[in-house]
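Trainee: Here you go, model.pdb (PDB, C-alpha atoms):
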MODEL        1
ATOM      1  CA  MET A 154     155.156 190.336 259.216  1.00  0.00           C
ATOM      2  CA  SER A 155     154.426 190.480 262.928  1.00  0.00           C
ATOM      3  CA  SER A 156     154.953 194.249 263.137  1.00  0.00           C
ATOM      4  CA  LEU A 157     151.737 194.933 261.233  1.00  0.00           C
ATOM      5  CA  LYS A 158     148.693 195.835 263.273  1.00  0.00           C
ATOM      6  CA  PRO A 159     145.010 195.507 262.380  1.00  0.00           C
ATOM      7  CA  GLY A 160     143.252 198.723 261.462  1.00  0.00           C
ATOM      8  CA  ASN A 161     146.075 200.270 259.450  1.00  0.00           C
ATOM      9  CA  THR A 162     144.864 202.224 256.436  1.00  0.00           C
ATOM     10  CA  LYS A 163     146.200 201.999 252.914  1.00  0.00           C
ATOM     11  CA  ALA A 164     148.411 205.037 253.489  1.00  0.00           C
ATOM     12  CA  GLY A 165     149.657 203.588 256.772  1.00  0.00           C
ATOM     13  CA  LEU A 166     150.412 200.092 255.495  1.00  0.00           C
ATOM     14  CA  LEU A 167     150.751 199.620 251.738  1.00  0.00           C
ATOM     15  CA  LYS A 168     153.087 202.547 251.096  1.00  0.00           C
ATOM     16  CA  PRO A 169     155.665 201.715 253.827  1.00  0.00           C
ATOM     17  CA  LEU A 170     155.911 198.151 252.506  1.00  0.00           C
ATOM     18  CA  LEU A 171     157.221 199.609 249.260  1.00  0.00           C
ATOM     19  CA  GLU A 172     160.389 200.499 251.175  1.00  0.00           C
ATOM     20  CA  TRP A 173     161.267 196.806 251.266  1.00  0.00           C
ATOM     21  CA  LYS A 174     164.034 195.816 248.890  1.00  0.00           C
ATOM     22  CA  LEU A 175     163.138 193.658 245.912  1.00  0.00           C
ATOM     23  CA  GLU A 176     165.202 190.800 247.369  1.00  0.00           C
ATOM     24  CA  GLN A 177     162.984 190.784 250.460  1.00  0.00           C
ATOM     25  CA  TRP A 178     159.836 190.579 248.384  1.00  0.00           C
ATOM     26  CA  GLN A 179     161.235 187.800 246.199  1.00  0.00           C
ATOM     27  CA  LYS A 180     161.449 185.611 249.306  1.00  0.00           C
ATOM     28  CA  GLU A 181     157.726 186.097 249.901  1.00  0.00           C
ATOM     29  CA  CYS A 182     156.523 185.936 246.272  1.00  0.00           C
ATOM     30  CA  PRO A 183     159.015 184.522 243.738  1.00  0.00           C
ATOM     31  CA  SER A 184     157.055 185.816 240.743  1.00  0.00           C
ATOM     32  CA  ILE A 185     157.465 189.485 241.681  1.00  0.00           C
ATOM     33  CA  GLN A 186     159.182 191.738 239.150  1.00  0.00           C
ATOM     34  CA  GLU A 187     160.140 195.391 239.396  1.00  0.00           C
ATOM     35  CA  ILE A 188     159.376 197.181 236.127  1.00  0.00           C
ATOM     36  CA  GLU A 189     159.947 200.762 234.995  1.00  0.00           C
ATOM     37  CA  ILE A 190     158.086 202.292 232.051  1.00  0.00           C
ATOM     38  CA  PRO A 191     158.293 205.789 230.518  1.00  0.00           C
ATOM     39  CA  ASP A 192     155.570 208.401 230.048  1.00  0.00           C
ATOM     40  CA  LYS A 193     152.508 207.290 228.025  1.00  0.00           C
ATOM     41  CA  HIS A 194     153.478 203.601 228.019  1.00  0.00           C
ATOM     42  CA  PHE A 195     150.959 201.028 229.238  1.00  0.00           C
ATOM     43  CA  LEU A 196     150.981 198.590 232.123  1.00  0.00           C
ATOM     44  CA  TYR A 197     148.211 196.874 230.161  1.00  0.00           C
ATOM     45  CA  ARG A 198     145.651 197.806 227.518  1.00  0.00           C
ATOM     46  CA  GLN A 199     141.906 197.384 227.410  1.00  0.00           C
ATOM     47  CA  GLY A 200     141.060 194.016 225.869  1.00  0.00           C
ATOM     48  CA  GLU A 201     144.323 192.321 226.900  1.00  0.00           C
ATOM     49  CA  ARG A 202     144.334 189.238 229.126  1.00  0.00           C
ATOM     50  CA  CYS A 203     146.083 189.924 232.397  1.00  0.00           C
ATOM     51  CA  ALA A 204     146.249 187.569 235.374  1.00  0.00           C
ATOM     52  CA  GLY A 205     148.789 189.414 237.523  1.00  0.00           C
ATOM     53  CA  PHE A 206     148.639 192.358 239.900  1.00  0.00           C
ATOM     54  CA  PHE A 207     150.358 195.713 239.618  1.00  0.00           C
ATOM     55  CA  TRP A 208     151.545 197.574 242.709  1.00  0.00           C
ATOM     56  CA  ILE A 209     152.612 201.150 241.998  1.00  0.00           C
ATOM     57  CA  LYS A 210     155.952 202.006 243.583  1.00  0.00           C
ATOM     58  CA  GLU A 211     156.560 205.389 241.963  1.00  0.00           C
ATOM     59  CA  GLY A 212     154.658 207.703 239.620  1.00  0.00           C
ATOM     60  CA  ILE A 213     151.061 208.149 238.478  1.00  0.00           C
ATOM     61  CA  VAL A 214     148.924 205.716 236.463  1.00  0.00           C
ATOM     62  CA  LYS A 215     145.772 206.638 234.548  1.00  0.00           C
ATOM     63  CA  LEU A 216     142.942 204.110 234.371  1.00  0.00           C
ATOM     64  CA  SER A 217     140.716 204.731 231.351  1.00  0.00           C
ATOM     65  CA  HIS A 218     137.997 203.027 229.334  1.00  0.00           C
ATOM     66  CA  LEU A 219     137.464 203.449 225.593  1.00  0.00           C
ATOM     67  CA  THR A 220     133.783 203.346 224.637  1.00  0.00           C
ATOM     68  CA  ILE A 221     132.344 201.730 221.515  1.00  0.00           C
ATOM     69  CA  GLN A 222     131.876 205.250 220.135  1.00  0.00           C
ATOM     70  CA  GLY A 223     135.615 205.878 220.496  1.00  0.00           C
ATOM     71  CA  ASN A 224     135.401 208.235 223.483  1.00  0.00           C
ATOM     72  CA  GLU A 225     137.901 207.862 226.313  1.00  0.00           C
ATOM     73  CA  LEU A 226     136.664 208.106 229.904  1.00  0.00           C
ATOM     74  CA  THR A 227     139.314 208.458 232.591  1.00  0.00           C
ATOM     75  CA  LEU A 228     138.157 206.387 235.555  1.00  0.00           C
ATOM     76  CA  ALA A 229     140.861 207.183 238.105  1.00  0.00           C
ATOM     77  CA  LEU A 230     144.393 208.432 238.678  1.00  0.00           C
ATOM     78  CA  LEU A 231     146.463 206.049 240.773  1.00  0.00           C
ATOM     79  CA  GLN A 232     149.599 206.800 242.760  1.00  0.00           C
ATOM     80  CA  ARG A 233     152.227 205.200 244.986  1.00  0.00           C
ATOM     81  CA  GLY A 234     150.775 202.337 247.011  1.00  0.00           C
ATOM     82  CA  ASP A 235     147.761 201.645 244.784  1.00  0.00           C
ATOM     83  CA  ILE A 236     147.170 198.086 243.534  1.00  0.00           C
ATOM     84  CA  ILE A 237     145.297 197.067 240.385  1.00  0.00           C
ATOM     85  CA  GLY A 238     144.431 193.650 238.974  1.00  0.00           C
ATOM     86  CA  ARG A 239     141.714 191.004 238.886  1.00  0.00           C
ATOM     87  CA  LEU A 240     140.738 189.045 241.979  1.00  0.00           C
ATOM     88  CA  GLN A 241     138.549 186.538 240.113  1.00  0.00           C
ATOM     89  CA  ARG A 242     139.658 182.910 239.894  1.00  0.00           C
ATOM     90  CA  ASP A 243     139.276 182.914 236.091  1.00  0.00           C
ATOM     91  CA  ALA A 244     141.175 186.209 235.666  1.00  0.00           C
ATOM     92  CA  VAL A 245     143.639 184.622 233.245  1.00  0.00           C
ATOM     93  CA  SER A 246     140.841 183.952 230.746  1.00  0.00           C
ATOM     94  CA  GLN A 247     139.232 187.391 230.995  1.00  0.00           C
ATOM     95  CA  SER A 248     140.254 190.538 229.163  1.00  0.00           C
ATOM     96  CA  MET A 249     140.795 193.830 230.966  1.00  0.00           C
ATOM     97  CA  GLU A 250     137.933 196.308 230.781  1.00  0.00           C
ATOM     98  CA  GLU A 251     140.215 199.345 231.078  1.00  0.00           C
ATOM     99  CA  SER A 252     143.717 200.507 230.170  1.00  0.00           C
ATOM    100  CA  ALA A 253     146.418 201.464 232.684  1.00  0.00           C
ATOM    101  CA  GLN A 254     148.804 204.100 231.298  1.00  0.00           C
ATOM    102  CA  ALA A 255     151.788 205.910 232.819  1.00  0.00           C
ATOM    103  CA  LEU A 256     151.629 209.679 233.291  1.00  0.00           C
ATOM    104  CA  GLY A 257     155.332 210.393 233.495  1.00  0.00           C
ATOM    105  CA  LYS A 258     157.795 207.701 234.526  1.00  0.00           C
ATOM    106  CA  VAL A 259     156.235 204.865 236.529  1.00  0.00           C
ATOM    107  CA  VAL A 260     157.895 202.108 238.555  1.00  0.00           C
ATOM    108  CA  PHE A 261     155.747 199.204 239.690  1.00  0.00           C
ATOM    109  CA  TYR A 262     155.856 195.661 241.015  1.00  0.00           C
ATOM    110  CA  GLN A 263     154.110 192.976 238.982  1.00  0.00           C
ATOM    111  CA  ILE A 264     153.004 189.970 241.050  1.00  0.00           C
ATOM    112  CA  GLY A 265     151.616 186.666 239.764  1.00  0.00           C
ATOM    113  CA  HIS A 266     148.024 185.799 240.642  1.00  0.00           C
ATOM    114  CA  GLU A 267     148.865 182.748 242.762  1.00  0.00           C
ATOM    115  CA  ASP A 268     151.606 184.544 244.706  1.00  0.00           C
ATOM    116  CA  PHE A 269     149.204 187.409 245.341  1.00  0.00           C
ATOM    117  CA  LYS A 270     146.599 184.989 246.702  1.00  0.00           C
ATOM    118  CA  GLN A 271     149.222 183.491 249.026  1.00  0.00           C
ATOM    119  CA  LEU A 272     150.141 186.941 250.339  1.00  0.00           C
ATOM    120  CA  MET A 273     146.469 187.666 250.994  1.00  0.00           C
ATOM    121  CA  SER A 274     146.021 184.461 252.964  1.00  0.00           C
ATOM    122  CA  ARG A 275     149.258 184.769 254.988  1.00  0.00           C
ATOM    123  CA  TRP A 276     148.954 188.478 255.815  1.00  0.00           C
ATOM    124  CA  PRO A 277     145.304 189.253 256.713  1.00  0.00           C
ATOM    125  CA  GLU A 278     146.130 192.810 257.841  1.00  0.00           C
ATOM    126  CA  TRP A 279     147.709 193.552 254.461  1.00  0.00           C
ATOM    127  CA  SER A 280     144.855 191.924 252.562  1.00  0.00           C
ATOM    128  CA  TRP A 281     142.317 194.047 254.442  1.00  0.00           C
ATOM    129  CA  SER A 282     144.189 197.186 253.375  1.00  0.00           C
ATOM    130  CA  VAL A 283     144.145 195.975 249.760  1.00  0.00           C
ATOM    131  CA  PHE A 284     140.385 195.399 249.864  1.00  0.00           C
ATOM    132  CA  GLU A 285     139.879 198.773 251.534  1.00  0.00           C
ATOM    133  CA  ALA A 286     141.902 200.526 248.822  1.00  0.00           C
ATOM    134  CA  ILE A 287     140.057 198.756 245.986  1.00  0.00           C
ATOM    135  CA  TYR A 288     136.671 199.510 247.582  1.00  0.00           C
ATOM    136  CA  THR A 289     137.574 203.194 248.023  1.00  0.00           C
ATOM    137  CA  ARG A 290     138.602 203.440 244.380  1.00  0.00           C
ATOM    138  CA  GLN A 291     135.360 201.757 243.278  1.00  0.00           C
ATOM    139  CA  GLN A 292     133.370 204.307 245.287  1.00  0.00           C
ATOM    140  CA  GLN A 293     135.283 207.150 243.633  1.00  0.00           C
ATOM    141  CA  ILE A 294     134.529 205.783 240.174  1.00  0.00           C
ATOM    142  CA  GLU A 295     130.838 205.393 241.025  1.00  0.00           C
ATOM    143  CA  ARG A 296     130.683 208.979 242.324  1.00  0.00           C
ATOM    144  CA  LYS A 297     132.323 210.163 239.098  1.00  0.00           C
ATOM    145  CA  LEU A 298     129.755 208.347 236.945  1.00  0.00           C
ATOM    146  CA  ARG A 299     126.865 209.766 239.015  1.00  0.00           C
ATOM    147  CA  ALA A 300     128.330 213.256 238.631  1.00  0.00           C
ATOM    148  CA  ILE A 301     128.598 212.852 234.848  1.00  0.00           C
ATOM    149  CA  LEU A 302     124.907 211.909 234.720  1.00  0.00           C
ATOM    150  CA  THR A 303     123.580 214.544 237.124  1.00  0.00           C
ATOM    151  CA  GLN A 304     125.911 217.563 237.382  1.00  0.00           C
ATOM    152  CA  PRO A 305     126.787 220.364 234.941  1.00  0.00           C
ATOM    153  CA  VAL A 306     130.314 220.315 233.539  1.00  0.00           C
ATOM    154  CA  GLU A 307     131.489 223.336 235.557  1.00  0.00           C
ATOM    155  CA  LYS A 308     130.623 221.657 238.856  1.00  0.00           C
ATOM    156  CA  ARG A 309     132.392 218.483 237.716  1.00  0.00           C
ATOM    157  CA  VAL A 310     135.524 220.455 236.830  1.00  0.00           C
ATOM    158  CA  ILE A 311     135.500 222.156 240.262  1.00  0.00           C
ATOM    159  CA  ALA A 312     135.103 218.830 242.054  1.00  0.00           C
ATOM    160  CA  MET A 313     137.892 217.247 240.011  1.00  0.00           C
ATOM    161  CA  LEU A 314     140.307 220.141 240.596  1.00  0.00           C
ATOM    162  CA  LEU A 315     139.692 219.927 244.348  1.00  0.00           C
ATOM    163  CA  GLU A 316     140.230 216.164 244.256  1.00  0.00           C
ATOM    164  CA  LEU A 317     143.470 216.587 242.286  1.00  0.00           C
ATOM    165  CA  ALA A 318     144.637 219.244 244.761  1.00  0.00           C
ATOM    166  CA  GLN A 319     144.054 216.822 247.626  1.00  0.00           C
ATOM    167  CA  LEU A 320     145.818 213.940 245.893  1.00  0.00           C
ATOM    168  CA  PHE A 321     148.646 215.652 244.024  1.00  0.00           C
ATOM    169  CA  GLY A 322     148.813 219.235 245.301  1.00  0.00           C
ATOM    170  CA  ALA A 323     151.628 221.014 247.136  1.00  0.00           C
ATOM    171  CA  ARG A 324     150.839 224.138 249.163  1.00  0.00           C
ATOM    172  CA  CYS A 325     151.764 227.426 247.486  1.00  0.00           C
ATOM    173  CA  THR A 326     150.943 231.102 248.055  1.00  0.00           C
ATOM    174  CA  HIS A 327     147.702 230.861 246.054  1.00  0.00           C
ATOM    175  CA  GLY A 328     146.505 227.522 247.418  1.00  0.00           C
ATOM    176  CA  TYR A 329     147.755 224.358 245.725  1.00  0.00           C
ATOM    177  CA  ALA A 330     150.167 223.777 242.863  1.00  0.00           C
ATOM    178  CA  LEU A 331     149.451 220.434 241.219  1.00  0.00           C
ATOM    179  CA  GLU A 332     152.496 218.168 241.140  1.00  0.00           C
ATOM    180  CA  ILE A 333     150.862 216.406 238.187  1.00  0.00           C
ATOM    181  CA  PHE A 334     150.249 218.300 234.967  1.00  0.00           C
ATOM    182  CA  LEU A 335     147.230 217.435 232.870  1.00  0.00           C
ATOM    183  CA  THR A 336     146.376 218.762 229.437  1.00  0.00           C
ATOM    184  CA  GLN A 337     142.904 220.177 228.943  1.00  0.00           C
ATOM    185  CA  GLN A 338     142.041 217.036 226.974  1.00  0.00           C
ATOM    186  CA  GLU A 339     143.119 214.834 229.897  1.00  0.00           C
ATOM    187  CA  LEU A 340     141.105 216.975 232.320  1.00  0.00           C
ATOM    188  CA  ALA A 341     138.129 216.721 229.952  1.00  0.00           C
ATOM    189  CA  ASP A 342     138.500 212.917 229.923  1.00  0.00           C
ATOM    190  CA  LEU A 343     138.486 212.954 233.732  1.00  0.00           C
ATOM    191  CA  VAL A 344     135.155 214.782 233.931  1.00  0.00           C
ATOM    192  CA  GLY A 345     133.507 213.191 230.896  1.00  0.00           C
ATOM    193  CA  ALA A 346     133.213 216.350 228.797  1.00  0.00           C
ATOM    194  CA  SER A 347     134.558 217.781 225.547  1.00  0.00           C
ATOM    195  CA  ARG A 348     137.901 219.576 225.486  1.00  0.00           C
ATOM    196  CA  SER A 349     136.347 222.769 224.084  1.00  0.00           C
ATOM    197  CA  VAL A 350     133.844 223.037 226.944  1.00  0.00           C
ATOM    198  CA  VAL A 351     136.526 222.388 229.591  1.00  0.00           C
ATOM    199  CA  SER A 352     138.839 224.927 227.898  1.00  0.00           C
ATOM    200  CA  THR A 353     136.129 227.597 228.133  1.00  0.00           C
ATOM    201  CA  ILE A 354     135.555 226.814 231.815  1.00  0.00           C
ATOM    202  CA  MET A 355     139.277 226.877 232.628  1.00  0.00           C
ATOM    203  CA  ASN A 356     139.726 230.218 230.855  1.00  0.00           C
ATOM    204  CA  ASP A 357     136.775 231.606 232.814  1.00  0.00           C
ATOM    205  CA  PHE A 358     138.257 230.357 236.099  1.00  0.00           C
ATOM    206  CA  ARG A 359     141.582 231.973 235.245  1.00  0.00           C
ATOM    207  CA  SER A 360     139.960 235.321 234.444  1.00  0.00           C
ATOM    208  CA  ARG A 361     138.170 235.185 237.807  1.00  0.00           C
ATOM    209  CA  GLY A 362     141.371 234.406 239.716  1.00  0.00           C
ATOM    210  CA  ILE A 363     140.221 230.931 240.748  1.00  0.00           C
ATOM    211  CA  LEU A 364     143.242 229.290 239.121  1.00  0.00           C
ATOM    212  CA  ASP A 365     146.214 229.907 236.895  1.00  0.00           C
ATOM    213  CA  TYR A 366     147.945 227.492 234.551  1.00  0.00           C
ATOM    214  CA  THR A 367     150.835 227.242 232.147  1.00  0.00           C
ATOM    215  CA  ARG A 368     152.156 224.415 229.986  1.00  0.00           C
ATOM    216  CA  GLU A 369     153.973 223.034 233.043  1.00  0.00           C
ATOM    217  CA  GLN A 370     151.697 223.634 236.019  1.00  0.00           C
ATOM    218  CA  ILE A 371     148.200 224.279 237.319  1.00  0.00           C
ATOM    219  CA  CYS A 372     147.889 226.483 240.418  1.00  0.00           C
ATOM    220  CA  ILE A 373     144.537 226.273 242.232  1.00  0.00           C
ATOM    221  CA  ASN A 374     143.021 228.814 244.610  1.00  0.00           C
ATOM    222  CA  ASP A 375     141.175 226.168 246.607  1.00  0.00           C
ATOM    223  CA  THR A 376     139.339 228.696 248.799  1.00  0.00           C
ATOM    224  CA  ALA A 377     137.874 230.400 245.724  1.00  0.00           C
ATOM    225  CA  LEU A 378     136.935 227.028 244.235  1.00  0.00           C
ATOM    226  CA  ILE A 379     135.157 225.928 247.419  1.00  0.00           C
ATOM    227  CA  ASN A 380     133.327 229.261 247.639  1.00  0.00           C
ATOM    228  CA  ASP A 381     132.312 228.859 243.992  1.00  0.00           C
ATOM    229  CA  THR A 382     130.598 225.567 244.780  1.00  0.00           C
ATOM    230  CA  HIS A 383     128.317 227.371 247.261  1.00  0.00           C
ATOM    231  CA  ASP A 384     127.335 230.232 244.945  1.00  0.00           C
TER     232      ASP A 384
ENDMDL
END
Before anything else, please render the file you have as structure tokens.

Mentor:
Amino acid sequence: MSSLKPGNTKAGLLKPLLEWKLEQWQKECPSIQEIEIPDKHFLYRQGERCAGFFWIKEGIVKLSHLTIQGNELTLALLQRGDIIGRLQRDAVSQSMEESAQALGKVVFYQIGHEDFKQLMSRWPEWSWSVFEAIYTRQQQIERKLRAILTQPVEKRVIAMLLELAQLFGARCTHGYALEIFLTQQELADLVGASRSVVSTIMNDFRSRGILDYTREQICINDTALINDTHD
């Protein structure tokens, strides 16, 4: 892997490596498998033991945690290039603290724990990008939890819509059209609020021209959303 250079970011390193053919990867890590799952199926569920790593090749994966009270909190939405799994030595004996579920069709590589460790030791540039990506995701989750504790729901919805526009939006005449569709319940899970409250906020935003949505798409006027945060 001599063509890799230190300092590459996740977007500049992990995603291009997904262009390798499966046969190339099997030479580096024999345990690797390419798996495709349909919408709403799980890579793994909360409480299951899982020692391998999952590298998303195509699609979107929702990470969520089910509380003792039965409430679901969406921790993050992952996309092409993201890696999830346990780094701990005793990962095989520990259960997962969250579920990873497909939103739409998802294709991913599953890599055994030992093979993953070998890749990390042989390719330091790649391993640094993995750590950087995991650290960035951890920061995002921590910011989300702080927002749930300190910000009103409307501000959390605005912040989440802007984040979704950055991650999954395509430019349109009004601002951004989300290439991922979320139900109001899924959006509520993302911001840690009830569906009824989020529905009221979304209807208010639509009446004010901040966004529009149908059963298939959400279109965001990002300029209006940003201005709304400064009101």

Trainee: Between A:Gly345, A:Gly362, A:Gly322, A:Gly212, which residue has the minimum interatomic distance to Leu256 (chain A), considering all atoms listed in the file?

Mentor: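 Result for the nearest residue to Leu256 (chain A): A:Gly212.
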
Trainee: Which residue gives the smallest distance to Lys258 (chain A) among A:Gly328, A:Pro305, A:Gly223, A:Pro191, with only C-alpha atoms counted?

Mentor: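 Once distances to Lys258 (chain A) are computed over only C-alpha atoms, the minimum belongs to A:Pro191.
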
Trainee: Taking the file as shown, find all residues satisfying the PyMOL selection byres ((chain A and resi 310-317) around 10) and write them as a ChimeraX atom specification.

Mentor: /A:230,297,300,305-309,318-322,329-333,340-341,343-346,351,354-355,358,363-364,371-376,378-379,381-382

Trainee: With distances taken over all atoms listed in the file, which of A:Cys325, A:Met273, A:Val283, A:Ile209 is nearest to Gln186 (chain A)?

Mentor: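 Smallest distance to Gln186 (chain A) is found for A:Ile209.
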
Trainee: Nearest residue to Leu196 (chain A) out of A:Gln304, A:Ser274, A:Gln254, A:Gln222, using all atoms listed in the file?

Mentor: A:Gln254

Trainee: Restricting the calculation to only C-alpha atoms, which member of A:Ser282, A:Thr227, A:Thr367, A:Ser248 is positioned closest to Phe334 (chain A)?

Mentor: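 When distances to Phe334 (chain A) are compared using only C-alpha atoms, the smallest one comes from A:Thr367.
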
Trainee: Please write out, as AutoDock Vina command-line options, where the centre of an axis-aligned box around all listed atoms of region 165-178 of chain A lies and how long its edges are, in Å to one decimal, after adding 5 Å on each side.

Mentor:
--center_x 157.4 --center_y 197.1 --center_z 251.3 --size_x 25.5 --size_y 23.0 --size_z 20.9

Trainee: Just want the 8 Å neighbourhood of Ile264 (chain A), counted on all atoms listed in the file, with same-chain residues fewer than 6 positions away dropped. Output as a PyMOL selection string.

Mentor: chain A and resi 182+184-186+205-208

Trainee: Could you pull the residues within 9 Å of Gln293 (chain A), counting only C-alpha atoms, minus those fewer than 4 positions along the same chain, as a ChimeraX atom specification?

Mentor: /A:228-229,288-289,297-298

Trainee: One number please: CA of Leu171 (chain A) to CA of Gln370 (chain A), in Å, one decimal.

Mentor: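 So the two atoms, CA of Leu171 (chain A) and CA of Gln370 (chain A), lie 28.0 Å apart.
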
Trainee: Take CA of Phe269 (chain A) and CA of Glu295 (chain A) and report the distance between them in Å, one decimal.

Mentor: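 A separation of 26.1 Å between them.
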
Trainee: Specify as a PyMOL selection string each residue included when the PyMOL selection byres ((chain A and resi 190) around 12) is applied to this file.

Mentor: chain A and resi 187-189+191-197+209-214+253-262
